[in-house]
Amino acid sequence: MGFTMSLNLLLLVAMVATNILSLYHLSSTIQTSGKPPTPPPVPDRLLHQLNTIRATINRLTRLQPTANPATKPTAASATLPPDLLLYSLLSPIATSCHNHPDLLRRYMNYTPFSLCPQDSDGVAESLILRGCHPLPRRRCFSQTPPKPTSSLSHNPFSPSLPDQNVVWDKYTCKSFNCLVRSYPNLGFDLSAEATRSMIYRDDLDLQIPQLLQIAKAANSVLRLGLDIGGGTGTFAARMKLYNVTVVTTTMNLGAPYNEAVALRGLVPLHVPLQQRFPVFDGVVDLVRCGHAVNRWIPLTALEFMLYDVDRVLRGGGYLWLDHFFSKGVDLDKLYAPLIGKLGYKKVKWATGIKANSKNGDVYLTALLQKPVSK
Ligand SMILES: *[C@@H]1O[C@H](CO)[C@@H](O)[C@H](O)[C@H]1NC(C)=O
């Protein structure tokens with residue numbers, strides 16, 4: 001008991017020390033990329049976190065009458081991993097729900113043991129996107145569509161998805177047809193999706209039969225995959241037809257993506273991009289990063305993401321960056337070196353100008369193979 005306590009104390013003191021150190025450190029090192037130097041302001045939530053930690057320490061100190069001198073935290077302050085603070089800054093651990101009390105209060109404002117309120121303004125999605133993930137559990141019954149169809153297709157490319165299986169309240173569109181008509185490129189037009197990654201237009205395209213061929217020739221079996229930011233699940237859909245099981249991470253930003261994936265008979269994972277993948281180390285054969293993974297993700301967050309991809313991939317598995325876009329100069333100076341750090345074999349590396357881009361963006365499509373052993 002006493003030991004656990006002093007260990008906790010040690011950790012907390014060390015964390016505060018590193019927090020303060022790293023604030024200085026971060027402001028000087030984070031922008032080394034030749035961009036205009038705009039020192040990042042210290043976010044309120046970090047200060048808030050610091051205060052919470054200080055308060056906890058004070059409380060613990062009061063509870064701790066005689067700290068063992070052998071476990072004094074002097075050495076620990078020096079050895080606490082700086083990545084802990086860095087990651088807390090990108091995606092605060094456990095505290096981010098409390099950093100959005102109004103949203104959290106709205107989310108948890110319900111009558112226990114009855115029907116959950118309609119999430120018409122997407123409070124759940126907003127919390128998750130702000131790093132509050134997993135959301136707290138609630139003891140209420142989630143809203144279900146009143147008259148769902150019981151005949152669900154096993155065909156992941158069925159010509160249409162049943163509208164009556166979705167609760168549409170929070171979306172402007174009230175049917176899949178509306179989504180197809182109003183936003184033809186969101187992936188809800190399943191007849192258009194049927195050709196995705198199957199036809200060759202230019203070198204940026206990697207056709208799925210070609211991918212399977214490459215893996216086969218390298219004696220690397222593809223059975224399990226993860227599609228990051230996979231929209232309506234078209235990659236998983238196509239791979240299912242080749243007997244490869246792919247799970248798709250997808251958010252419901254403005255449209256029922258998770259429901260669409262599920263109605264196609266595929267597994268949707270409702271996790272944001274900054275979330276540690278809920279998959280164990282070294283278990284998947286293939287990870288695909290689609291359009292959602294691009295230069296909009298802050299560099300350091302992207303770095304943590306790529307290392308998490310590496311974590312879930314088995315040795316000999318493949319990482320497919322499918323049409324990653326960024327500015328050309330950043331691709332050379334930032335992203336290519338970042339990807340290079342993984343030490344993967346470049347099976348394919350194709351770049352090209354992104355059509356209609358005002359910012360001079362380029363695309364990268366890369367197929368990379370994780371080495372069998374480090
Ligand atoms: C997928 O598995 C089924 C059932 O085992 C088999 O009939 C089918 O040929 C397989 N498809 C491919 C593309 O391997």
# chains A, B, ... in the order shown; residues from 1 in each chain; ligands from 1
call {"tool": "residues_around", "arguments": {"residues": "region 189-192 of chain A", "least_positions_apart": "2", "cutoff": "6 Å", "atoms": "only C-alpha atoms", "output": "list in words"}}
result
Phe157, Val180, Gly187 and Ala194 of chain A
call {"tool": "select_by_dssp", "arguments": {"residues": "region 75-298 of chain A", "states": "strand (DSSP E or B)", "output": "list in words"}}
result
Leu115, Phe141, Leu224, Gly225, Leu226, Asp227, Ile228, Thr245, Val246, Val247, Thr248, Thr249, Val267, Pro268, Leu269, Val284, Asp285, Leu286, Val287, Arg288 and Cys289 of chain A
call {"tool": "select_by_dssp", "arguments": {"residues": "region 126-285 of chain A", "states": "alpha helix (DSSP H)", "output": "ChimeraX atom specification"}}
result
/A:126-129,176-182,190-193,208-217,234-241,257-263
call {"tool": "write_last_selection", "arguments": {"atoms": "N, CA and C atoms", "output": "compact mmCIF listing (two decimals), in the first residue's frame"}}
result
# COMPACT_ATOMS: atom_id res chain seq x y z
N SER A 126 -18.83 14.61 -31.54
CA SER A 126 -18.01 15.77 -31.18
C SER A 126 -17.04 15.42 -30.06
N LEU A 127 -17.52 14.69 -29.07
CA LEU A 127 -16.65 14.30 -27.95
C LEU A 127 -15.52 13.40 -28.44
N ILE A 128 -15.87 12.44 -29.27
CA ILE A 128 -14.85 11.50 -29.75
C ILE A 128 -13.78 12.25 -30.55
N LEU A 129 -14.23 13.18 -31.38
CA LEU A 129 -13.28 13.92 -32.20
C LEU A 129 -12.37 14.81 -31.35
N PHE A 176 -30.26 7.16 -48.33
CA PHE A 176 -28.99 6.90 -49.02
C PHE A 176 -29.01 7.51 -50.41
N ASN A 177 -30.20 7.48 -51.03
CA ASN A 177 -30.34 8.07 -52.35
C ASN A 177 -29.96 9.54 -52.37
N CYS A 178 -30.39 10.24 -51.33
CA CYS A 178 -30.07 11.66 -51.19
C CYS A 178 -28.55 11.84 -51.09
N LEU A 179 -27.91 10.97 -50.31
CA LEU A 179 -26.45 11.06 -50.17
C LEU A 179 -25.76 10.84 -51.51
N VAL A 180 -26.25 9.86 -52.25
CA VAL A 180 -25.64 9.55 -53.56
C VAL A 180 -25.79 10.74 -54.50
N ARG A 181 -26.99 11.33 -54.49
CA ARG A 181 -27.25 12.45 -55.41
C ARG A 181 -26.49 13.71 -54.99
N SER A 182 -26.52 14.03 -53.67
CA SER A 182 -25.94 15.29 -53.22
C SER A 182 -24.42 15.24 -53.11
N LEU A 190 -22.82 2.66 -54.40
CA LEU A 190 -22.11 1.38 -54.39
C LEU A 190 -21.80 0.86 -55.78
N SER A 191 -22.57 1.31 -56.79
CA SER A 191 -22.24 0.84 -58.15
C SER A 191 -20.94 1.51 -58.61
N ALA A 192 -20.74 2.77 -58.20
CA ALA A 192 -19.47 3.43 -58.53
C ALA A 192 -18.33 2.83 -57.71
N GLU A 193 -18.65 2.45 -56.48
CA GLU A 193 -17.62 1.89 -55.60
C GLU A 193 -17.09 0.54 -56.11
N ILE A 208 -6.39 -4.05 -56.73
CA ILE A 208 -6.38 -5.08 -55.69
C ILE A 208 -5.89 -6.44 -56.21
N PRO A 209 -6.27 -6.85 -57.42
CA PRO A 209 -5.70 -8.11 -57.91
C PRO A 209 -4.16 -8.07 -57.96
N GLN A 210 -3.64 -6.88 -58.29
CA GLN A 210 -2.18 -6.72 -58.35
C GLN A 210 -1.57 -6.83 -56.94
N LEU A 211 -2.26 -6.22 -55.96
CA LEU A 211 -1.82 -6.30 -54.57
C LEU A 211 -1.75 -7.76 -54.11
N LEU A 212 -2.80 -8.51 -54.45
CA LEU A 212 -2.85 -9.92 -54.04
C LEU A 212 -1.73 -10.71 -54.73
N GLN A 213 -1.48 -10.36 -55.97
CA GLN A 213 -0.43 -11.01 -56.75
C GLN A 213 0.94 -10.76 -56.12
N ILE A 214 1.17 -9.50 -55.73
CA ILE A 214 2.45 -9.12 -55.12
C ILE A 214 2.67 -9.91 -53.83
N ALA A 215 1.61 -9.97 -53.00
CA ALA A 215 1.72 -10.68 -51.72
C ALA A 215 1.98 -12.16 -51.96
N LYS A 216 1.27 -12.70 -52.95
CA LYS A 216 1.41 -14.12 -53.23
C LYS A 216 2.84 -14.44 -53.70
N ALA A 217 3.34 -13.59 -54.59
CA ALA A 217 4.68 -13.80 -55.12
C ALA A 217 5.73 -13.71 -54.01
N THR A 234 -15.51 0.29 -48.63
CA THR A 234 -15.36 -0.35 -49.94
C THR A 234 -14.13 -1.25 -50.03
N PHE A 235 -13.04 -0.86 -49.36
CA PHE A 235 -11.86 -1.73 -49.41
C PHE A 235 -12.17 -3.08 -48.75
N ALA A 236 -12.81 -3.02 -47.56
CA ALA A 236 -13.17 -4.27 -46.87
C ALA A 236 -14.14 -5.09 -47.72
N ALA A 237 -15.04 -4.37 -48.42
CA ALA A 237 -16.03 -5.05 -49.26
C ALA A 237 -15.33 -5.85 -50.36
N ARG A 238 -14.40 -5.20 -51.04
CA ARG A 238 -13.69 -5.87 -52.13
C ARG A 238 -12.87 -7.04 -51.60
N MET A 239 -12.19 -6.81 -50.46
CA MET A 239 -11.33 -7.86 -49.91
C MET A 239 -12.14 -9.06 -49.43
N LYS A 240 -13.38 -8.78 -49.00
CA LYS A 240 -14.25 -9.88 -48.57
C LYS A 240 -14.48 -10.86 -49.72
N LEU A 241 -14.58 -10.31 -50.93
CA LEU A 241 -14.80 -11.17 -52.09
C LEU A 241 -13.58 -12.03 -52.39
N TYR A 257 -21.85 6.66 -41.94
CA TYR A 257 -20.83 5.77 -42.50
C TYR A 257 -20.79 4.42 -41.78
N ASN A 258 -20.86 4.46 -40.42
CA ASN A 258 -20.76 3.20 -39.68
C ASN A 258 -21.91 2.27 -40.04
N GLU A 259 -23.11 2.85 -40.15
CA GLU A 259 -24.27 2.03 -40.51
C GLU A 259 -24.10 1.45 -41.91
N ALA A 260 -23.57 2.28 -42.82
CA ALA A 260 -23.40 1.80 -44.20
C ALA A 260 -22.44 0.62 -44.23
N VAL A 261 -21.32 0.72 -43.51
CA VAL A 261 -20.36 -0.39 -43.47
C VAL A 261 -21.06 -1.64 -42.95
N ALA A 262 -21.79 -1.48 -41.85
CA ALA A 262 -22.46 -2.64 -41.24
C ALA A 262 -23.52 -3.22 -42.16
N LEU A 263 -24.26 -2.34 -42.87
CA LEU A 263 -25.31 -2.84 -43.78
C LEU A 263 -24.70 -3.59 -44.96
call {"tool": "closest_residue", "arguments": {"among": "A:Arg264, A:Lys374, A:Arg295, A:Arg223", "to": "ligand 1", "atoms": "only C-alpha atoms and all ligand atoms"}}
result
A:Arg223
call {"tool": "atom_distance", "arguments": {"atom1": "CA of Val293 (chain A)", "atom2": "CA of Tyr307 (chain A)"}}
result
13.9 Å
call {"tool": "atom_distance", "arguments": {"atom1": "CA of Ser153 (chain A)", "atom2": "CA of Thr232 (chain A)"}}
result
15.4 Å
call {"tool": "residues_around", "arguments": {"residues": "Asp310 (chain A)", "least_positions_apart": "4", "cutoff": "10 Å", "atoms": "only C-alpha atoms", "output": "list in words"}}
result
Asp281, Gly282, Val284, Val287, Phe304, Met305, Leu306, Arg314, Gly315, Gly317, Tyr318, Leu319, Leu342, Tyr344 and Lys370 of chain A
call {"tool": "closest_residue", "arguments": {"among": "A:Ser326, A:Leu286, A:Ile228, A:Leu367", "to": "Pro268 (chain A)", "atoms": "only C-alpha atoms"}}
result
A:Ile228
call {"tool": "closest_residue", "arguments": {"among": "A:Leu85, A:Leu204, A:Leu364, A:Ala255", "to": "Ser175 (chain A)", "atoms": "only C-alpha atoms"}}
result
A:Ala255
